[in-house]
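Engineer: Submitted below is the structure of interest, expressed as structure tokens.
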Amino acid sequence: MGMKKYDHTKIEKKWQKEWDKEKLYKVEDSVTGKENFYQLVEFTYPSGNLHVGHWYAFAVPDIFARYKRMQGFNVLYPMGFDAFGLPAENAAIKENADPKVWTYEKMNAMRIQLKSMGAIFDWDREIVSCDPQYYKWTQWMFNKFLEHDLVYRDITKVNWCPKDQTILANEQVVDGHCERCGAEVEQRNQEQWMLRITKYADRLIDDLDALNWPEEIKAAQKNWIGRSEGSEIEFHIRQSPSPTLPKGKGEIPGYMTSNDEIYETVQERAVEMRKAPTKAEEILWDSLRGNKIGYHIRRQHVIDRFVVDFACLKENLVIEIDGDIHDLQKEKDEERTNILKNLGFRVIRFKNDEVIKNLDGVINKILNELKNPSLGEGQGWASSEIIKVFTTRADTLFGVTYIVLAPEHELVESLKSKVESEENRKQIEKYISDTKKKSELDRKQQKEKTGVELKGVKAVNPANGEEVPIWVADYVLAGYGTGAIMAVPAHDERDFEFAKKYNLPIKRVVEQKFIATDSPMHSELEIPATYRNAICAIIRNPKDDTYLCSVWKDIHCHGLITGGVEEDEDIVEGALREIYEETGYKNLKFIRNPDIAIHTFFYHRKKEVNRWARFQYLFFDLIDEVQDSIDENEFAIHDVVWKSKDELNDFFSVVEGEFSLTLIENNGDYVYTGEGILGNSGRFNGMDSEEARTKITEAVGGKMVKTYRLRDWGISRQRYWGTPIPIVYDPQGKAHPVPDEHLPWILPDDVDHKPSGVAPLAKSKELFMRTEKIFGEGWKPEVETMDTFVDSSWYFYRYLDNKNSKTFADKKHRDAWMPIDLYMGGAEHTTMHLLYSRFWVKAMHDLEMVKEIESYKVRRNRGLILGPDGNKMSKSKGNVVNPDEIVERLGADTVRMYLAFMGPYGVTVNYPWDPNGVVGVRRFLERVWKLKDKLKENKEGTSFFIEKSTHLAIKNITEYMESYKFNTAVSQMMILLNYLEKQDVTIEIYKTLLQLLSPFAPHMTEELWRDLGEKKSIHLTPWPTWDKDKIIDTVFKIVVQVNGKVRTQFEVESSMSEEDIKIKVLADQAIRSWTEGKEIKRVIYVKDRLVNIVV
RNA sequence: GCCCGAGUGGCGGAAUUGGUAUACGCGCACGACUUAAAAUCGUGUCUCGUAAGGGAUGUGGGUUCGACCCCCACCUCGGGCACCA
């Protein structure tokens, strides 16, 4: 027999050496009869100090990898070093060392520490990202991407860390500070190399659905990409005072005598127009609206209509149709055309018949004129400029009261020159320069919104022709959407805030009767308010035209009433009473909405009532249900009162908050959408809110677009310790990729890598000489290096074929292992590495470099190990747990096992390290060790109960392993041990226990295993299986409840019938004392579990 | 503000996913061994109550014969996004 006492110090080193010698963990591409299983953890940064977090990250997954191995899989669980990057460089600077030397030293130290874990890493497959044989392929991929336009060079606003003297990716900026060093990040404009990750934005979102990833990770990535679908709508710009019509009598021959008169006529015409567009107008309008060239010809506001039939303002083109109803225009066409021309318009004139008969010709003529303008930029009262706005709420278009441009918006410059006064222009200029001075952080943190109006220029709302003011304000971001918004203060908190401050009008969109093919009409109405947590019901009484609206507080409800009040108001009223009855709320209020002739229930759960209301639910069409459930006589009316319009209006004025509703006609049906409903699944009459938005957008000639929060990935770093960007510049400054035969494009050694704001490579003589030597005189190298996230975007391929000098990884090897079966890693990588590498693989796929479009089949995030005080471990808090010490004192097996025992793995939960807890696990291992001295040789000694316990343990442990619940797997082993210690245990049972334990405590179990005379490693044995016949229960404990409370319990044979059990239970003395004198209403029996007697 | 996730003993956490709440471990208390301590082993350990019983899974409701589990609302904590229109 071996050692008497469990001494990990001897065992662990011994077996690590032995396994090495036996090449126990050597992984081949294929093993007969075994399925491959590629398990990955993020490769480590060679900080030179392995902390508990590393153990948690690598040793616990090793338990799973070992389990899979025993299950008969050919498991690849590799390890390597993410060796480039800032921390290494910073540390090197601090210690005045060469980053390369430093990194390789630390890697050597870390390799030893990593080996102390006793993991199954196959070190022959190790990869190191700073090895030229690795970054050669990083560079090669960069060039491939460049070749296919996935890489470009552009001047962008970049995040600049003044301390680290480098550009940071958006992902590396946390709350305006550098993720690494904490310094406040500055914004700079700088030229850098960009990767077109935005091209993949949709796929990065959509492909998530098919992945077996936790929903939280998917949600975080979706958030990060930030796709929002909305509308792009054009607002034409008009200068005022507009229009500059000729003055005085008769200046437009045959038409008007004065501007006043013109105006009057216009008013009249406007009414007429809405009713009756000419046939020609309709045809032209419909045809041109659909044309794909991108011009929009639309009906203009009434004032335009006086002189033109259609105008394409962007091009200053006037299309006139001599229509039948244009009495005023029929004569003197020539003169009119001349006047228009003098005003700066191009005019095309058609006869009404011509339009109807030869539409194609007409359209072609217009398009031709649009493409080949015969006149320069116009002046006068039409402007050629258009503001494109982005909105997700096209349905609030009628509520627009002003337009806001971001200070950086390109139109600001040209509009500036059109403002009415010099003073205003100066204000604008000052505002813009002030904004520029503010950092991104300042802009985000400033409490008050600021802005300045562009006085004298107006934007025209395409829905109703209304002119609204244009403002410049920095609450609108240049980088999102179109950099311009339509402000709807009634339905947007930010716009509201701004409007309040600058006293801009606030217009609620209440009801819109919107007919897509006709000029939109709208009305604005005061509307009932809702309460916090309230249900609001609005009912119209058609008999006397009074309205009822009720608000309840804190009701929970699940669907309510709607339908034709007109047909049966009593039913609705009855239903209201029912709710009232149910909830008993006394503070019913009655408000009314004179314009919504339906009744609808809203559930409003907005926290603060003075914000604009949003509703969570809109309940429809449950009238049938209500009909069935109401007996009208049952309800007493409390405060249900019908009120007159005036009384209700008084009420409106005091109620806080409001809601809105938009009514849209859709093929004869009316569709309601409202705030809050849009963001939800609110539906009505088969058309949902998205359709509503689309319809409105189309009707005003806008288009549905997607925008993203995600930006392209800037990868240039002005640092030394990274993969050199394989680019050289010719004497004209044009960039060329370094051809493949010169890869790896080696990182030079002759640099002073101390940061100075200039890329360190710029000081390398060798690099410049090398460039000139290869490419010719005057050629210069790129001196920036790549973001290290590039290195880690493809590293998992390199493990598969780490010594290949012809390709990054041969197809044969890739096919053997990819995609990765299980990727366990840190939650901090969710929106960075995980997103980048998904993009990378998709790009590689598109360039036919790999076959998969996703590389990680299953992803599980892990949490952190906190210090014993429950805080994040940090030197400053003095709560850092040093694993080396604990391994020294208690052994690697104990540390592995304790980390597994703390809680479930693969969920983002942080666990504190408990110094006592780890001792408990050590105790368990010692008890396992000691059990060997109690073993009995003869097999007959294995009782039915011991076998049952063992097999049950195997079953449970196996199931727990499958769901990464290593904590409960360990507890099952403890339960088994607790039991076995009290029994006479055979060698067979003991061996099974050791096998179950071996993934957790590989060293100790190996020692005990061999000690039992086994020649072959325990780690080559198969995972124990259970015999389901051995775990069948013949006797069950049946719990007896009376009214759901446990009163007693029985043991029953599994053969006993349900009837017999019930009889036995009811006859029981203890139960009878509970049922005595009561009627037994029901007896519920749950097989093998319980009996519940209902009395 | 929006989107995820989570709230169970003194602590880490279990609970066959609607069927005996608190497994396993830590800690604590008592006991055994010891001159003593440590280690080890044993017993106990949600709470009120002498007991019979009652009450407890963040809070308040609901559904159910029965709820940590399902539904509604609220509160707290952790994470992602955020003047994102």
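Following the order of the structure tokens, chains are lettered A, B, ..., residues in each are numbered from 1, and ligands are numbered from 1.
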Would you write out, as CSV, a table of all residues in chain A that have an atom no more than 6 Å from an atom of chain B, listing for each the closest atom pair and the distance in Å to one decimal, considering only C-alpha atoms (C1' of nucleotides) and ordering rows by chain and rising residue number?

Structural biologist:
residue,atom,partner,partner_atom,distance
A:Glu216,CA,B:C4,C1',5.2
A:Ala220,CA,B:G80,C1',5.1
A:Asn223,CA,B:C81,C1',5.6
A:Thr391,CA,B:A85,C1',5.6
A:Tyr475,CA,B:C83,C1',5.0
A:His556,CA,B:C72,C1',5.5
A:Met902,CA,B:G12,C1',5.9
A:Gly917,CA,B:C26,C1',5.2
A:Ser971,CA,B:C24,C1',4.5
A:Gly1044,CA,B:G66,C1',4.9
A:Val1094,CA,B:C65,C1',5.8

Engineer: I'd like the neighbourhood of segment 945-955 of chain A as an mmCIF file with N, CA and C atoms, in the first residue's frame, where a residue qualifies if any of its atoms comes within 10 Å (using only C-alpha atoms (C1' of nucleotides)), though same-chain residues fewer than 4 positions away should be ignored.

Structural biologist:
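New file part00.cif:
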data_model
loop_
_atom_site.group_PDB
_atom_site.id
_atom_site.type_symbol
_atom_site.label_atom_id
_atom_site.label_comp_id
_atom_site.auth_asym_id
_atom_site.auth_seq_id
_atom_site.Cartn_x
_atom_site.Cartn_y
_atom_site.Cartn_z
ATOM 1 N N GLY A 941 -20.215 -8.530 -0.329
ATOM 2 C CA GLY A 941 -20.474 -7.529 0.696
ATOM 3 C C GLY A 941 -21.249 -6.332 0.214
ATOM 4 N N GLU A 959 -26.078 13.930 -14.514
ATOM 5 C CA GLU A 959 -27.044 14.949 -14.948
ATOM 6 C C GLU A 959 -26.583 16.364 -14.575
ATOM 7 N N TYR A 960 -26.029 16.468 -13.396
ATOM 8 C CA TYR A 960 -25.541 17.787 -12.977
ATOM 9 C C TYR A 960 -24.376 18.255 -13.855
ATOM 10 N N ALA A 969 -23.021 18.491 -8.209
ATOM 11 C CA ALA A 969 -22.320 17.228 -8.481
ATOM 12 C C ALA A 969 -21.412 16.903 -7.299
ATOM 13 N N SER A 971 -21.749 17.975 -4.254
ATOM 14 C CA SER A 971 -22.537 17.653 -3.066
ATOM 15 C C SER A 971 -23.074 16.220 -3.129
ATOM 16 N N GLN A 972 -23.365 15.748 -4.344
ATOM 17 C CA GLN A 972 -23.786 14.354 -4.479
ATOM 18 C C GLN A 972 -22.665 13.400 -4.072
ATOM 19 N N MET A 973 -21.449 13.760 -4.398
ATOM 20 C CA MET A 973 -20.317 12.917 -4.001
ATOM 21 C C MET A 973 -20.168 12.918 -2.491
ATOM 22 N N MET A 974 -20.420 14.075 -1.909
ATOM 23 C CA MET A 974 -20.331 14.176 -0.456
ATOM 24 C C MET A 974 -21.413 13.316 0.201
ATOM 25 N N ILE A 975 -22.597 13.382 -0.384
ATOM 26 C CA ILE A 975 -23.686 12.565 0.157
ATOM 27 C C ILE A 975 -23.319 11.080 0.061
ATOM 28 N N LEU A 976 -22.786 10.725 -1.082
ATOM 29 C CA LEU A 976 -22.392 9.324 -1.268
ATOM 30 C C LEU A 976 -21.326 8.917 -0.263
ATOM 31 N N LEU A 977 -20.344 9.788 -0.080
ATOM 32 C CA LEU A 977 -19.274 9.471 0.862
ATOM 33 C C LEU A 977 -19.821 9.359 2.285
ATOM 34 N N TYR A 979 -22.554 8.425 3.199
ATOM 35 C CA TYR A 979 -23.230 7.137 3.328
ATOM 36 C C TYR A 979 -22.225 5.985 3.369
ATOM 37 N N LEU A 980 -21.304 6.013 2.436
ATOM 38 C CA LEU A 980 -20.355 4.897 2.340
ATOM 39 C C LEU A 980 -19.497 4.745 3.584
ATOM 40 N N GLN A 983 -20.706 2.300 5.894
ATOM 41 C CA GLN A 983 -20.927 0.947 5.385
ATOM 42 C C GLN A 983 -19.597 0.203 5.220
ATOM 43 N N ASP A 984 -19.727 -1.059 4.914
ATOM 44 C CA ASP A 984 -18.562 -1.810 4.472
ATOM 45 C C ASP A 984 -18.480 -1.629 2.968
ATOM 46 N N VAL A 985 -17.424 -0.995 2.518
ATOM 47 C CA VAL A 985 -17.344 -0.646 1.104
ATOM 48 C C VAL A 985 -16.400 -1.575 0.370
ATOM 49 N N THR A 986 -16.818 -2.014 -0.800
ATOM 50 C CA THR A 986 -15.948 -2.881 -1.597
ATOM 51 C C THR A 986 -15.052 -2.029 -2.484
ATOM 52 N N ILE A 989 -16.924 -0.412 -5.514
ATOM 53 C CA ILE A 989 -17.660 0.824 -5.217
ATOM 54 C C ILE A 989 -16.682 1.985 -5.052
ATOM 55 N N TYR A 990 -15.602 1.697 -4.364
ATOM 56 C CA TYR A 990 -14.606 2.739 -4.121
ATOM 57 C C TYR A 990 -14.022 3.244 -5.441
ATOM 58 N N THR A 992 -15.455 3.260 -8.277
ATOM 59 C CA THR A 992 -16.466 4.094 -8.932
ATOM 60 C C THR A 992 -16.439 5.507 -8.365
ATOM 61 N N LEU A 993 -16.358 5.581 -7.035
ATOM 62 C CA LEU A 993 -16.287 6.896 -6.402
ATOM 63 C C LEU A 993 -15.083 7.674 -6.928
ATOM 64 N N LEU A 996 -15.721 9.003 -10.395
ATOM 65 C CA LEU A 996 -16.610 10.171 -10.373
ATOM 66 C C LEU A 996 -15.847 11.417 -9.934
ATOM 67 N N TRP A 1023 -16.344 6.971 -17.999
ATOM 68 C CA TRP A 1023 -17.213 7.518 -16.943
ATOM 69 C C TRP A 1023 -18.193 6.429 -16.488
ATOM 70 N N PRO A 1024 -18.386 6.301 -15.198
ATOM 71 C CA PRO A 1024 -19.290 5.251 -14.702
ATOM 72 C C PRO A 1024 -20.718 5.425 -15.241
ATOM 73 N N THR A 1025 -21.366 4.321 -15.449
ATOM 74 C CA THR A 1025 -22.765 4.387 -15.885
ATOM 75 C C THR A 1025 -23.643 3.786 -14.798
ATOM 76 N N TRP A 1026 -24.881 4.151 -14.839
ATOM 77 C CA TRP A 1026 -25.779 3.602 -13.808
ATOM 78 C C TRP A 1026 -26.753 2.613 -14.432
ATOM 79 N N ASP A 1027 -27.155 1.714 -13.577
ATOM 80 C CA ASP A 1027 -28.093 0.678 -13.982
ATOM 81 C C ASP A 1027 -29.445 1.085 -13.426
ATOM 82 N N LYS A 1028 -30.372 1.357 -14.326
ATOM 83 C CA LYS A 1028 -31.603 1.935 -13.802
ATOM 84 C C LYS A 1028 -32.403 0.927 -12.963
ATOM 85 N N ASP A 1029 -32.130 -0.369 -13.189
ATOM 86 C CA ASP A 1029 -32.802 -1.366 -12.353
ATOM 87 C C ASP A 1029 -32.358 -1.278 -10.900
ATOM 88 N N LYS A 1030 -31.148 -0.790 -10.737
ATOM 89 C CA LYS A 1030 -30.619 -0.742 -9.369
ATOM 90 C C LYS A 1030 -31.099 0.475 -8.580
ATOM 91 N N ILE A 1031 -31.700 1.397 -9.263
ATOM 92 C CA ILE A 1031 -32.157 2.570 -8.509
ATOM 93 C C ILE A 1031 -33.676 2.633 -8.404
ATOM 94 N N ILE A 1032 -34.318 1.565 -8.811
ATOM 95 C CA ILE A 1032 -35.784 1.548 -8.672
ATOM 96 C C ILE A 1032 -36.157 1.479 -7.205
ATOM 97 N N ASP A 1033 -37.067 2.317 -6.833
ATOM 98 C CA ASP A 1033 -37.542 2.300 -5.455
ATOM 99 C C ASP A 1033 -38.686 1.306 -5.347
#

Engineer: Name all residues at most 6 Å from Val468 of chain A (count only C-alpha atoms (C1' of nucleotides); drop same-chain ones fewer than 4 positions away) and give them as a ChimeraX atom specification.

Structural biologist: /A:401-402,458-459

Engineer: Which parts of segment 465-514 of chain A does DSSP call helix (DSSP H, G or I) when run on the backbone here, written out as a list in words?

Structural biologist: Glu493, Arg494, Asp495, Phe496, Glu497, Phe498, Ala499, Lys500 and Lys501 of chain A

Engineer: Restricting it to C-alpha atoms, dump the selection as a tab-separated table (two decimals), in the first residue's frame.

Structural biologist:
chain	number	residue	atom	x	y	z
A	493	GLU	CA	-39.11	63.74	-23.36
A	494	ARG	CA	-36.00	65.37	-24.79
A	495	ASP	CA	-37.88	67.43	-27.29
A	496	PHE	CA	-40.30	68.35	-24.57
A	497	GLU	CA	-37.54	69.57	-22.32
A	498	PHE	CA	-36.06	71.62	-25.12
A	499	ALA	CA	-39.39	73.04	-26.19
A	500	LYS	CA	-40.17	74.10	-22.66
A	501	LYS	CA	-36.88	75.86	-22.31

Engineer: Which residues, written as a compact mmCIF listing (two decimals) with N, CA and C atoms, in the first residue's frame, have at least one atom at most 7 Å from Pro748 of chain A, with only C-alpha atoms (C1' of nucleotides) counted and residues fewer than 2 positions away on the same chain left out?

Structural biologist:
# COMPACT_ATOMS: atom_id res chain seq x y z
N ILE A 746 7.67 41.88 -39.95
CA ILE A 746 8.17 41.75 -38.58
C ILE A 746 8.14 43.07 -37.80
N ASP A 750 14.35 47.87 -32.98
CA ASP A 750 15.14 49.06 -32.68
C ASP A 750 14.28 50.29 -32.43
N SER A 764 11.77 53.54 -35.89
CA SER A 764 12.58 52.37 -36.22
C SER A 764 13.31 52.56 -37.55
N GLU A 766 15.33 50.43 -38.83
CA GLU A 766 15.31 49.14 -39.53
C GLU A 766 14.06 49.03 -40.38
N LEU A 767 12.91 49.41 -39.80
CA LEU A 767 11.65 49.28 -40.51
C LEU A 767 11.63 50.15 -41.78

Engineer: Identify all residues of segment 877-1030 of chain A in strand (DSSP E or B) (DSSP on the backbone) and supply them as a ChimeraX atom specification.

Structural biologist: /A:911-912,936,986

Engineer: Dump N, CA and C atoms for the selected residues as a compact mmCIF listing (two decimals), in the first residue's frame?

Structural biologist:
# COMPACT_ATOMS: atom_id res chain seq x y z
N TYR A 911 -18.97 34.85 -6.98
CA TYR A 911 -18.93 34.16 -5.69
C TYR A 911 -17.74 34.63 -4.88
N PRO A 912 -17.96 34.87 -3.60
CA PRO A 912 -16.82 35.22 -2.76
C PRO A 912 -16.01 33.96 -2.39
N LYS A 936 -13.34 -3.55 1.73
CA LYS A 936 -13.51 -4.99 1.86
C LYS A 936 -13.31 -5.62 0.49
N THR A 986 -16.82 -2.01 -0.80
CA THR A 986 -15.95 -2.88 -1.60
C THR A 986 -15.05 -2.03 -2.48
